[in-house]
Structures are given as structure tokens and as C-alpha cells.
$ cat start.cif   # mmCIF, C-alpha atoms
data_entry
loop_
_atom_site.label_atom_id
_atom_site.label_comp_id
_atom_site.auth_asym_id
_atom_site.auth_seq_id
_atom_site.Cartn_x
_atom_site.Cartn_y
_atom_site.Cartn_z
CA MET G 522 0.00 0.00 0.00
CA ALA G 523 1.50 3.31 -1.08
CA LEU G 524 2.02 6.12 1.38
CA ILE G 525 1.41 8.66 -1.37
CA LEU G 526 -1.83 8.33 -3.35
CA THR G 527 -3.85 10.67 -5.52
CA PRO G 528 -6.85 12.55 -4.07
CA GLY G 529 -9.07 10.42 -6.29
CA GLN G 530 -7.75 7.19 -4.75
CA PHE G 531 -8.24 8.54 -1.24
CA THR G 532 -11.79 9.56 -2.16
CA GLN G 533 -12.54 6.11 -3.59
CA ARG G 534 -11.28 4.44 -0.42
CA ALA G 535 -13.38 6.85 1.67
CA GLU G 536 -16.45 6.08 -0.45
CA PHE G 537 -15.83 2.34 -0.03
CA TYR G 538 -15.86 2.66 3.77
CA HIS G 539 -18.74 5.14 3.71
CA GLN G 540 -20.94 2.69 1.80
CA LEU G 541 -19.95 -0.17 4.11
CA ALA G 542 -20.80 1.99 7.14
CA GLN G 543 -24.22 2.89 5.73
CA LEU G 544 -25.09 -0.67 4.73
CA THR G 545 -23.98 -2.31 7.99
CA ALA G 546 -25.60 0.43 10.12
CA ALA G 547 -28.87 -0.21 8.24
CA GLY G 548 -28.82 -3.82 9.42
CA ILE G 549 -27.53 -5.40 6.20
CA GLY G 550 -25.15 -8.28 6.85
CA LEU G 551 -21.47 -7.78 6.11
CA VAL G 552 -21.43 -10.49 3.44
CA GLN G 553 -24.41 -8.94 1.65
CA ALA G 554 -22.80 -5.49 1.91
CA LEU G 555 -19.56 -6.79 0.40
CA GLU G 556 -21.45 -8.55 -2.38
CA GLN G 557 -23.28 -5.33 -3.20
CA LEU G 558 -20.04 -3.37 -3.27
CA GLN G 559 -18.39 -6.01 -5.45
CA ARG G 560 -21.12 -5.49 -8.03
CA ASN G 561 -20.84 -1.69 -7.87
CA PRO G 562 -17.46 -0.78 -6.33
CA PRO G 563 -16.12 2.80 -6.11
CA ASN G 564 -13.29 1.60 -8.35
CA ARG G 565 -13.04 -1.42 -10.64
CA SER G 566 -9.75 -2.42 -9.00
CA PHE G 567 -11.73 -3.23 -5.82
CA ARG G 568 -13.62 -6.09 -7.48
CA GLU G 569 -10.89 -8.73 -7.33
CA PRO G 570 -9.87 -8.12 -3.67
CA LEU G 571 -13.56 -8.14 -2.69
CA ARG G 572 -14.09 -11.38 -4.56
CA ARG G 573 -11.20 -13.00 -2.69
CA GLN G 574 -12.52 -11.70 0.64
CA LEU G 575 -15.99 -13.10 -0.01
CA GLU G 576 -14.45 -16.41 -0.98
CA LYS G 577 -12.49 -16.56 2.27
CA ILE G 578 -15.52 -15.55 4.37
CA ASN G 579 -17.65 -18.24 2.73
CA GLN G 580 -14.94 -20.74 3.68
CA GLY G 581 -15.34 -19.77 7.34
CA SER G 582 -12.81 -16.93 7.79
CA THR G 583 -13.60 -13.74 9.65
CA PHE G 584 -13.64 -10.45 7.76
CA THR G 585 -10.27 -9.51 9.31
CA ASP G 586 -8.72 -12.83 8.29
CA SER G 587 -10.03 -12.40 4.75
CA LEU G 588 -8.42 -8.96 4.61
CA LEU G 589 -5.11 -10.34 5.86
CA ALA G 590 -5.26 -12.94 3.08
CA THR G 591 -5.60 -10.11 0.54
CA SER G 592 -2.03 -8.98 1.16
CA GLY G 593 -1.15 -5.37 0.34
CA TRP G 594 -4.66 -4.13 -0.41
CA LEU G 595 -5.27 -2.37 2.92
CA PRO G 596 -2.75 -0.74 5.28
CA GLU G 597 -2.29 -2.04 8.81
CA PHE G 598 -4.08 0.99 10.25
CA ASP G 599 -7.28 -0.02 8.45
CA LEU G 600 -6.87 -3.64 9.54
CA ALA G 601 -6.42 -2.67 13.21
CA LEU G 602 -9.61 -0.56 13.27
CA ILE G 603 -11.61 -3.17 11.35
CA GLU G 604 -10.43 -5.95 13.67
CA ALA G 605 -11.39 -3.85 16.71
CA GLY G 606 -14.82 -3.11 15.21
CA GLU G 607 -15.41 -6.77 14.41
CA ARG G 608 -14.52 -7.84 17.94
CA THR G 609 -16.81 -5.28 19.59
CA GLY G 610 -19.70 -5.61 17.13
CA ARG G 611 -19.27 -1.90 16.21
CA ILE G 612 -17.79 -2.45 12.78
CA ASP G 613 -20.00 0.26 11.26
CA ASP G 614 -18.29 2.78 13.60
CA SER G 615 -14.89 1.57 12.38
CA PHE G 616 -15.99 2.01 8.76
CA ARG G 617 -17.24 5.50 9.56
CA LEU G 618 -13.94 6.46 11.20
CA LEU G 619 -12.00 5.18 8.20
CA ALA G 620 -14.27 7.04 5.77
CA ASP G 621 -13.68 10.31 7.65
CA TYR G 622 -9.94 9.59 7.80
CA TYR G 623 -9.61 9.07 4.03
CA ASN G 624 -11.85 12.03 3.22
CA GLU G 625 -9.52 14.24 5.26
CA ARG G 626 -6.45 12.85 3.50
CA ALA G 627 -8.11 13.41 0.12
CA ARG G 628 -8.88 17.03 1.06
CA LEU G 629 -5.34 17.77 2.23
CA THR G 630 -3.76 16.09 -0.80
CA LYS G 631 -6.04 17.91 -3.23
CA GLN G 632 -5.27 21.25 -1.57
CA ALA G 633 -1.51 20.59 -1.65
CA ILE G 634 -1.63 19.73 -5.35
CA SER G 635 -3.72 22.80 -6.22
CA GLN G 636 -1.31 25.05 -4.32
CA LEU G 637 1.70 23.50 -6.05
CA ALA G 638 0.15 23.89 -9.52
CA TYR G 639 1.00 27.61 -9.80
CA PRO G 640 4.72 27.42 -8.93
CA VAL G 641 5.15 24.33 -11.11
CA GLY G 642 3.45 26.16 -13.97
CA LEU G 643 5.68 29.17 -13.30
CA ILE G 644 8.80 27.00 -13.54
CA HIS G 645 7.71 25.68 -16.94
CA PHE G 646 6.75 29.17 -18.13
CA ALA G 647 10.19 30.47 -17.12
CA ALA G 648 11.82 27.55 -18.94
CA LEU G 649 9.74 28.31 -22.05
CA VAL G 650 10.71 32.01 -22.05
CA PHE G 651 14.40 31.79 -21.11
CA LEU G 652 15.35 28.48 -22.69
CA ILE G 653 13.28 28.56 -25.87
CA VAL G 654 11.70 31.92 -26.77
CA ILE G 655 14.62 34.26 -26.00
CA PRO G 656 17.35 32.01 -27.50
CA PHE G 657 15.20 31.47 -30.60
CA ALA G 658 14.60 35.23 -30.98
CA SER G 659 18.29 36.03 -30.28
CA SER G 660 19.32 33.72 -33.11
CA GLN G 661 17.04 35.73 -35.42
CA PHE G 662 14.74 32.71 -35.59
CA SER G 663 17.38 30.51 -37.16
CA ALA G 664 17.99 28.16 -34.21
CA SER G 665 16.50 24.68 -34.20
CA LEU G 666 13.34 24.58 -32.11
CA THR G 667 13.77 20.83 -31.70
CA TRP G 668 17.22 21.36 -30.17
CA LEU G 669 15.95 24.12 -27.88
CA LEU G 670 13.07 21.93 -26.69
CA PHE G 671 15.46 19.06 -26.05
CA LYS G 672 17.81 21.39 -24.15
CA ALA G 673 14.93 22.72 -22.00
CA ALA G 674 13.74 19.18 -21.25
CA PHE G 675 17.31 18.18 -20.31
CA ILE G 676 17.64 21.12 -17.90
CA LEU G 677 14.26 20.34 -16.31
CA SER G 678 14.95 16.59 -16.16
CA PRO G 679 16.56 16.70 -12.67
CA LEU G 680 13.28 18.13 -11.31
CA TYR G 681 11.25 15.35 -12.96
CA LEU G 682 13.74 12.72 -11.82
CA GLY G 683 13.77 14.09 -8.26
CA ALA G 684 9.96 14.08 -8.06
CA ALA G 685 9.79 10.52 -9.42
CA LEU G 686 12.45 9.29 -6.99
CA LEU G 687 10.70 10.97 -4.05
CA ILE G 688 7.38 9.35 -4.93
CA TYR G 689 9.07 5.97 -5.31
CA ALA G 690 11.04 6.36 -2.07
CA LEU G 691 7.88 7.06 -0.06
CA GLN G 692 6.05 3.94 -1.21
CA GLY G 693 4.94 1.67 1.62
CA LYS G 694 6.07 -1.47 -0.24
CA HIS G 695 9.70 -0.94 0.80
CA ASN G 696 11.26 -2.85 3.68
CA GLU G 697 11.45 -1.67 7.28
CA HIS G 698 15.02 -0.35 7.02
CA TRP G 699 14.20 1.82 4.03
CA ARG G 700 11.04 3.24 5.62
CA SER G 701 13.01 3.97 8.80
CA PHE G 702 15.62 5.83 6.76
CA MET G 703 12.93 7.91 5.00
CA GLU G 704 11.25 8.65 8.33
CA ARG G 705 14.54 9.96 9.78
CA LEU G 706 15.16 11.99 6.63
CA LEU G 707 11.69 13.58 6.57
CA ARG G 708 11.89 14.32 10.27
CA CYS G 709 14.55 16.92 9.41
CA VAL G 710 12.17 18.74 7.06
CA PRO G 711 10.73 21.79 8.86
CA ILE G 712 7.01 21.53 9.70
CA LEU G 713 6.54 18.35 7.62
CA GLY G 714 8.55 16.15 9.97
CA LYS G 715 6.54 17.27 13.00
CA ALA G 716 3.26 16.92 11.09
CA ARG G 717 4.00 13.31 10.13
CA TYR G 718 5.05 12.53 13.70
CA PHE G 719 1.87 14.00 15.20
CA LEU G 720 -0.32 12.14 12.69
CA ALA G 721 1.46 8.88 13.58
CA LEU G 722 0.70 9.53 17.27
CA ALA G 723 -2.93 10.25 16.34
CA ARG G 724 -3.22 6.94 14.46
CA LEU G 725 -1.57 5.13 17.38
CA ALA G 726 -4.04 6.61 19.89
CA LEU G 727 -7.06 5.86 17.69
CA ALA G 728 -6.03 2.26 17.00
CA LEU G 729 -5.14 1.70 20.66
CA GLU G 730 -8.51 3.05 21.86
CA ALA G 731 -10.41 0.86 19.40
CA LEU G 732 -8.43 -2.27 20.32
CA ILE G 733 -8.79 -1.74 24.08
CA ASN G 734 -12.55 -1.27 23.70
CA ALA G 735 -12.58 -4.48 21.68
CA GLY G 736 -11.28 -6.33 24.72
CA VAL G 737 -7.79 -6.93 23.36
CA ASN G 738 -5.11 -7.50 25.99
CA ILE G 739 -3.29 -4.22 26.71
CA ILE G 740 0.11 -5.59 25.66
CA GLN G 741 -1.24 -7.04 22.43
CA ALA G 742 -3.24 -3.84 21.82
CA TRP G 743 -0.06 -1.75 22.03
CA GLU G 744 1.77 -4.04 19.62
CA LEU G 745 -1.10 -4.05 17.11
CA ALA G 746 -1.46 -0.27 17.38
CA ALA G 747 2.30 0.09 16.85
CA ASN G 748 2.01 -1.80 13.57
CA ALA G 749 -0.93 0.39 12.57
CA CYS G 750 0.56 3.81 13.34
CA GLY G 751 2.81 3.89 10.27
CA SER G 752 5.95 5.00 12.13
CA PRO G 753 8.85 2.48 12.13
CA ALA G 754 10.52 4.37 15.00
CA LEU G 755 7.43 4.14 17.25
CA ARG G 756 6.92 0.53 16.25
CA ARG G 757 10.48 -0.48 17.22
CA ALA G 758 10.26 1.38 20.51
CA ILE G 759 6.92 -0.17 21.49
CA LEU G 760 7.91 -3.72 20.52
CA ALA G 761 11.03 -3.35 22.68
CA TRP G 762 8.84 -2.74 25.75
CA ARG G 763 7.61 -6.32 25.99
CA PRO G 764 10.18 -7.58 28.54
CA GLN G 765 9.57 -4.55 30.81
CA VAL G 766 5.78 -4.90 30.68
CA ASP G 767 6.01 -8.66 31.26
CA ALA G 768 8.12 -7.88 34.32
CA GLY G 769 5.24 -5.86 35.80
CA ILE G 770 5.98 -2.29 34.71
CA THR G 771 2.81 -0.55 33.56
CA PRO G 772 2.55 0.79 29.99
CA ALA G 773 2.12 4.31 31.43
CA ALA G 774 5.50 4.07 33.18
CA VAL G 775 7.18 2.79 30.03
CA VAL G 776 5.58 5.54 27.92
CA ARG G 777 6.93 8.18 30.32
CA LYS G 778 10.46 6.78 29.95
CA CYS G 779 10.31 6.64 26.16
CA PRO G 780 11.74 9.84 24.55
CA LEU G 781 9.59 9.35 21.43
CA PHE G 782 6.41 10.22 23.32
CA PRO G 783 5.73 13.89 24.14
CA GLU G 784 5.08 14.78 27.78
CA MET G 785 1.44 15.55 27.02
CA PHE G 786 0.87 12.09 25.54
CA ALA G 787 2.53 10.43 28.54
CA ASN G 788 0.57 12.50 31.08
CA PHE G 789 -2.81 11.92 29.42
CA TYR G 790 -2.16 8.19 29.11
CA HIS G 791 -1.04 7.97 32.74
CA SER G 792 -4.11 9.83 34.01
CA GLY G 793 -6.37 7.62 31.89
CA GLU G 794 -4.73 4.46 33.17
CA VAL G 795 -4.98 5.57 36.82
CA SER G 796 -8.59 6.80 36.59
CA GLY G 797 -9.83 3.83 34.57
CA LYS G 798 -10.89 6.15 31.73
CA LEU G 799 -8.16 5.20 29.30
CA ASP G 800 -10.52 5.18 26.33
CA GLU G 801 -11.48 8.82 26.95
CA ALA G 802 -7.83 9.85 27.34
CA LEU G 803 -6.92 8.12 24.06
CA LYS G 804 -9.80 9.81 22.24
CA ARG G 805 -8.58 13.20 23.43
CA LEU G 806 -5.03 12.35 22.40
CA HIS G 807 -6.20 11.28 18.95
CA THR G 808 -8.23 14.47 18.51
CA TYR G 809 -5.39 16.73 19.65
CA TYR G 810 -2.58 15.13 17.62
CA HIS G 811 -4.76 14.70 14.56
CA GLU G 812 -5.76 18.37 14.60
CA GLU G 813 -2.20 19.54 15.29
CA GLY G 814 -0.75 17.23 12.63
CA ALA G 815 -3.34 18.33 10.07
CA ARG G 816 -2.69 21.99 10.93
CA LYS G 817 1.07 21.59 10.49
CA LEU G 818 0.55 19.68 7.26
CA GLN G 819 -1.68 22.52 6.09
CA ASN G 820 1.02 25.04 6.98
CA PHE G 821 3.58 23.01 5.03
CA ALA G 822 1.23 22.87 2.03
CA ASP G 823 0.72 26.65 2.31
CA TRP G 824 4.40 27.59 2.61
CA THR G 825 5.99 25.14 0.15
CA PRO G 826 4.48 26.83 -2.95
CA ARG G 827 5.52 30.24 -1.60
CA VAL G 828 9.11 29.08 -1.16
CA ILE G 829 9.14 27.59 -4.67
CA TYR G 830 7.57 30.77 -6.03
CA GLY G 831 10.21 32.89 -4.31
CA VAL G 832 13.07 30.78 -5.69
CA VAL G 833 11.61 30.85 -9.22
CA ALA G 834 10.98 34.62 -8.99
CA CYS G 835 14.62 35.16 -7.97
CA LEU G 836 15.83 33.02 -10.88
CA ILE G 837 13.62 34.93 -13.30
CA ALA G 838 14.90 38.25 -11.94
CA TYR G 839 18.50 37.01 -12.27
CA LYS G 840 17.89 35.91 -15.87
CA ILE G 841 16.27 39.25 -16.75
CA ILE G 842 19.17 41.19 -15.25
CA GLN G 843 21.65 38.90 -17.01
CA PHE G 844 19.85 39.35 -20.34
CA TYR G 845 19.74 43.15 -20.15
CA THR G 846 23.32 43.33 -18.89
CA GLY G 847 24.43 41.37 -21.93
CA TYR G 848 22.17 43.41 -24.21
CA PHE G 849 23.49 46.77 -23.01
CA GLY G 850 27.00 45.38 -23.04
CA GLN G 851 26.62 44.58 -26.72
CA ILE G 852 25.26 48.08 -27.42
CA THR G 853 28.20 49.62 -25.56
CA THR G 854 30.66 47.50 -27.52
CA LEU G 855 29.06 48.50 -30.83
CA THR G 856 28.99 52.19 -29.83
CA ASN G 857 32.65 52.14 -28.85
CA GLY G 858 33.43 50.43 -32.13
CA PHE G 859 32.13 53.44 -34.03
#
$ encode --input "start.cif" --output "C-alpha cells"
Amino acid sequence: MALILTPGQFTQRAEFYHQLAQLTAAGIGLVQALEQLQRNPPNRSFREPLRRQLEKINQGSTFTDSLLATSGWLPEFDLALIEAGERTGRIDDSFRLLADYYNERARLTKQAISQLAYPVGLIHFAALVFLIVIPFASSQFSASLTWLLFKAAFILSPLYLGAALLIYALQGKHNEHWRSFMERLLRCVPILGKARYFLALARLALALEALINAGVNIIQAWELAANACGSPALRRAILAWRPQVDAGITPAAVVRKCPLFPEMFANFYHSGEVSGKLDEALKRLHTYYHEEGARKLQNFADWTPRVIYGVVACLIAYKIIQFYTGYFGQITTLTNGF
């Protein structure tokens, strides 16, 4: 499952869960709901995974087991919430949460793309003017347009290659070591690194709350939520707790010792564990970190185009100054020649 998807794919996944939530909340059985969606899925690519799931369910598997058998179709975050919903009998709530989650991701991705469209267009416009139009006019229209186009494409190729490599590098199909490396790299990016970290904490809190309410053992719930949060660093840290928790140390105490968890997260979790209202504390943590992560992601989407625009504007100004300096230099040379 890719970490970067198009807004359309996020919307299709949201629609899939929205329809499942509506159908199951209306009292329609899960098998009948899946059969209906297989006939009219939000995307044709859903038909084959749904067919395999129905086949597994008809053979006696649970919905979660059928999803696990369809390897790579759903991320672990989805699987954790669905498993929790299936265990508690509130699977329609899990579908509704996932629909809202993917709708939000679709909105943020669409907004980021729309904000990046102008600076990307400006880059190509600048390339057209300074790499094709001006050289062609300077040659008194004798230069080869084919050569100028090839030259412009060659100069822009590092940008295309860099974008393609970034998209490939962020795919979720890579192994744990690669995803850990990318997580450490992106953590150094201002605003974006913190946004991704907060959203991972939000997913962890949401999955943990759902699993605890489903009656999953607290140790197993933490491990499943760690797999679902999408952060290799958090996952490694949480899985390393097992000996300490088995020895009798409470999860709250271990969370407080772990440097990856902010003080607010540790304090809320501790108070929830002590008061017996851990589910409420986790809901508040999910809401806070989701809102903060989304806000920071929005800030990054707002400022990235401005930075690109500023860089492109400076390059255009430099090229204009360079052009007129050369132009007036030629006039001066000709004047002195006379």
C-alpha cells in the first residue's frame, strides 16, 4: 500500500468505507454489503480483492482474516480498526472512522496539489521564455526549435527525476530499514517532519482506543497499534517494551520513559490508566494530535508553494538582469566600435 496516493484514490477508499458503514448500520449483513459493493465498487480495481474476501468468508474466515489474506490491499491501520470493530460488534463505527480519515487525506492532498500547480506552472513558463523563446529570438529565428526543446527538457529533467524518486522512495512497499531511513530523513524537514510525527501519534491513539474497547489484551493492543501507526521508530520502541511490561511495569510508566512520546501524551495516558478512563484519554489524544498534525501539514502545504515561487521569482529576476546586462554590453561594444 502506497504512502502517497492521488486525491481520487483517497476519495474512492473513503467512499468504499462510507458505503460499508451505511449498509452495515442499516442492518444489512457484512457479506451482503460486500457482495453489493463487489457489483458496484467505487473503483473497478476493488472487485478482485472483494471477490477473494468473499471467498475466504464463505470458507469460514472472519472479515479480518479475509483482509489479511488479501495482502497489500489495505494498510495495517485499516486492519487494526476493522479488527477492533469486528470484535466489539461496532464495525460500522470503524468504517465511519475510516471514511472520515480518508476524506480528510483526500482534502489535504487535493489542496496541496492545487497550491503546487501555480509554482510548477511558473517553472515551466520560465523555462519556455528563457530556454526557448529568448534564444530562438536572439538567433534571429534561425535556431532549431527541436534542439531548444530538447535542451529545456534536459535542464528540467533533474526536477522530474527528483519528483519521481521521491514518490518511489515514499512507497509503503519498501522494507522496514528503508522506511526507517525515510522517516529519519523527513523528520529533518521543517514543519513536515513534526506533522508526520503527530499524525502517527494520532493513528496510534485511535487504534489503541479501538483495540482496548474491543477487549484486546493491553500488551497485544499496544503491539497491534504500533504496527498500525505507520511509524517504524514508534513501532520499534513499542515492541522493545515487551520484557519490561512482562516484568510488571505498567505501559504508562514505560511511555513516560520513552523519549519518542511527548510529555502531554505520557501524562494523558497515565491519568487515563490511573482513573480507569483510558478510552477517553486516548480519544482526546487522537483528537489533539490529529488536529495539530493536520494543521502543520496545512502550513507546510501553504508555505511550500511560496518558497518555490520565491526561488523561481529570484531566478527569473536574475535571468532578466543577465539578459539586459548582456544586451546593453553589446550596445556599448558596438557604440565604442564606431
$ resolve_selection --input "start.cif" --expression "the PyMOL selection byres ((chain G and resi 750) around 6)" --output "MDAnalysis selection string"
chainID G and resid 721 724:725 747:749 751:752
$ residues_around --input "start.cif" --residues "segment 669-677 of chain G" --least-positions-apart "3" --cutoff "8 Å" --atoms "all atoms listed in the file" --output "ChimeraX atom specification"
/G:648-649,652-653,657,664-666,680-681
$ atom_distance --input "start.cif" --atom1 "atom CA of Ile759 of chain G" --atom2 "atom CA of Trp743 of chain G"
7.2 Å
$ atom_distance --input "start.cif" --atom1 "atom CA of Ala638 of chain G" --atom2 "atom CA of Leu720 of chain G"
25.1 Å
$ residues_around --input "start.cif" --residues "segment 566-583 of chain G" --least-positions-apart "6" --cutoff "8 Å" --atoms "only C-alpha atoms" --output "ChimeraX atom specification"
/G:552,555-556,559-560,590-591,594
$ closest_atom_pairs --input "start.cif" --of "segment 642-736 of chain G" --to "segment 791-801 of chain G" --cutoff "12 Å" --atoms "only C-alpha atoms" --output "tab-separated table"
residue	atom	partner	partner_atom	distance
G:Ala726	CA	G:Asp800	CA	9.2
G:Leu727	CA	G:Asp800	CA	9.3
G:Ala728	CA	G:Asp800	CA	10.8
G:Leu729	CA	G:Asp800	CA	8.6
G:Glu730	CA	G:Asp800	CA	5.3
G:Ala731	CA	G:Asp800	CA	8.2
G:Leu732	CA	G:Asp800	CA	9.8
G:Ile733	CA	G:Asp800	CA	7.5
G:Asn734	CA	G:Asp800	CA	7.3
G:Ala735	CA	G:Asp800	CA	10.9
G:Gly736	CA	G:Asp800	CA	11.6
$ residues_around --input "start.cif" --residues "Trp824 of chain G" --least-positions-apart "4" --cutoff "12 Å" --atoms "all atoms listed in the file" --output "list in words"
Ala633, Gln636, Leu637, Pro640, Pro711, Ile712, Leu713, Lys817, Leu818, Gln819, Asn820, Val828, Ile829, Tyr830 and Gly831 of chain G
$ residues_around --input "start.cif" --residues "Glu625 of chain G" --least-positions-apart "5" --cutoff "10 Å" --atoms "all atoms listed in the file" --output "PDB file with C-alpha atoms, keeping the file's coordinate frame"
ATOM      1  CA  PRO G 528      -6.850  12.550  -4.070  1.00  0.00           C
ATOM      2  CA  PHE G 531      -8.240   8.540  -1.240  1.00  0.00           C
ATOM      3  CA  THR G 532     -11.790   9.560  -2.160  1.00  0.00           C
ATOM      4  CA  ALA G 535     -13.380   6.850   1.670  1.00  0.00           C
ATOM      5  CA  LEU G 619     -12.000   5.180   8.200  1.00  0.00           C
ATOM      6  CA  ALA G 620     -14.270   7.040   5.770  1.00  0.00           C
ATOM      7  CA  THR G 630      -3.760  16.090  -0.800  1.00  0.00           C
ATOM      8  CA  LYS G 631      -6.040  17.910  -3.230  1.00  0.00           C
ATOM      9  CA  ALA G 815      -3.340  18.330  10.070  1.00  0.00           C
TER      10      ALA G 815
END
$ resolve_selection --input "start.cif" --expression "the PyMOL selection byres ((chain G and resi 601) around 8)" --output "compact mmCIF listing (two decimals) with C-alpha atoms, in the frame of the given file"
# COMPACT_ATOMS: atom_id res chain seq x y z
CA GLU G 597 -2.29 -2.04 8.81
CA PHE G 598 -4.08 0.99 10.25
CA ASP G 599 -7.28 -0.02 8.45
CA LEU G 600 -6.87 -3.64 9.54
CA LEU G 602 -9.61 -0.56 13.27
CA ILE G 603 -11.61 -3.17 11.35
CA GLU G 604 -10.43 -5.95 13.67
CA ALA G 605 -11.39 -3.85 16.71
CA ALA G 728 -6.03 2.26 17.00
CA LEU G 732 -8.43 -2.27 20.32
CA LEU G 745 -1.10 -4.05 17.11
CA ALA G 746 -1.46 -0.27 17.38
CA ALA G 749 -0.93 0.39 12.57
$ resolve_selection --input "start.cif" --expression "the PyMOL selection byres ((chain G and resi 776) around 12)" --output "PyMOL selection string"
chain G and resi 743+755+758-759+761-762+765-766+770-775+777-791+794
$ atom_distance --input "start.cif" --atom1 "atom CA of His811 of chain G" --atom2 "atom CA of Glu704 of chain G"
18.2 Å
$ closest_residue --input "start.cif" --among "G:Tyr809, G:Phe821, G:Tyr538, G:Phe651" --to "Ser615 of chain G" --atoms "all atoms listed in the file"
G:Tyr538
$ closest_residue --input "start.cif" --among "G:Asp586, G:Ile549, G:Arg827, G:Gln530" --to "Pro563 of chain G" --atoms "all atoms listed in the file"
G:Gln530
$ residues_around --input "start.cif" --residues "Tyr718 of chain G" --least-positions-apart "6" --cutoff "9 Å" --atoms "all atoms listed in the file" --output "list of chain:residue names"
G:Arg708, G:Ser752, G:Tyr810, G:Gly814
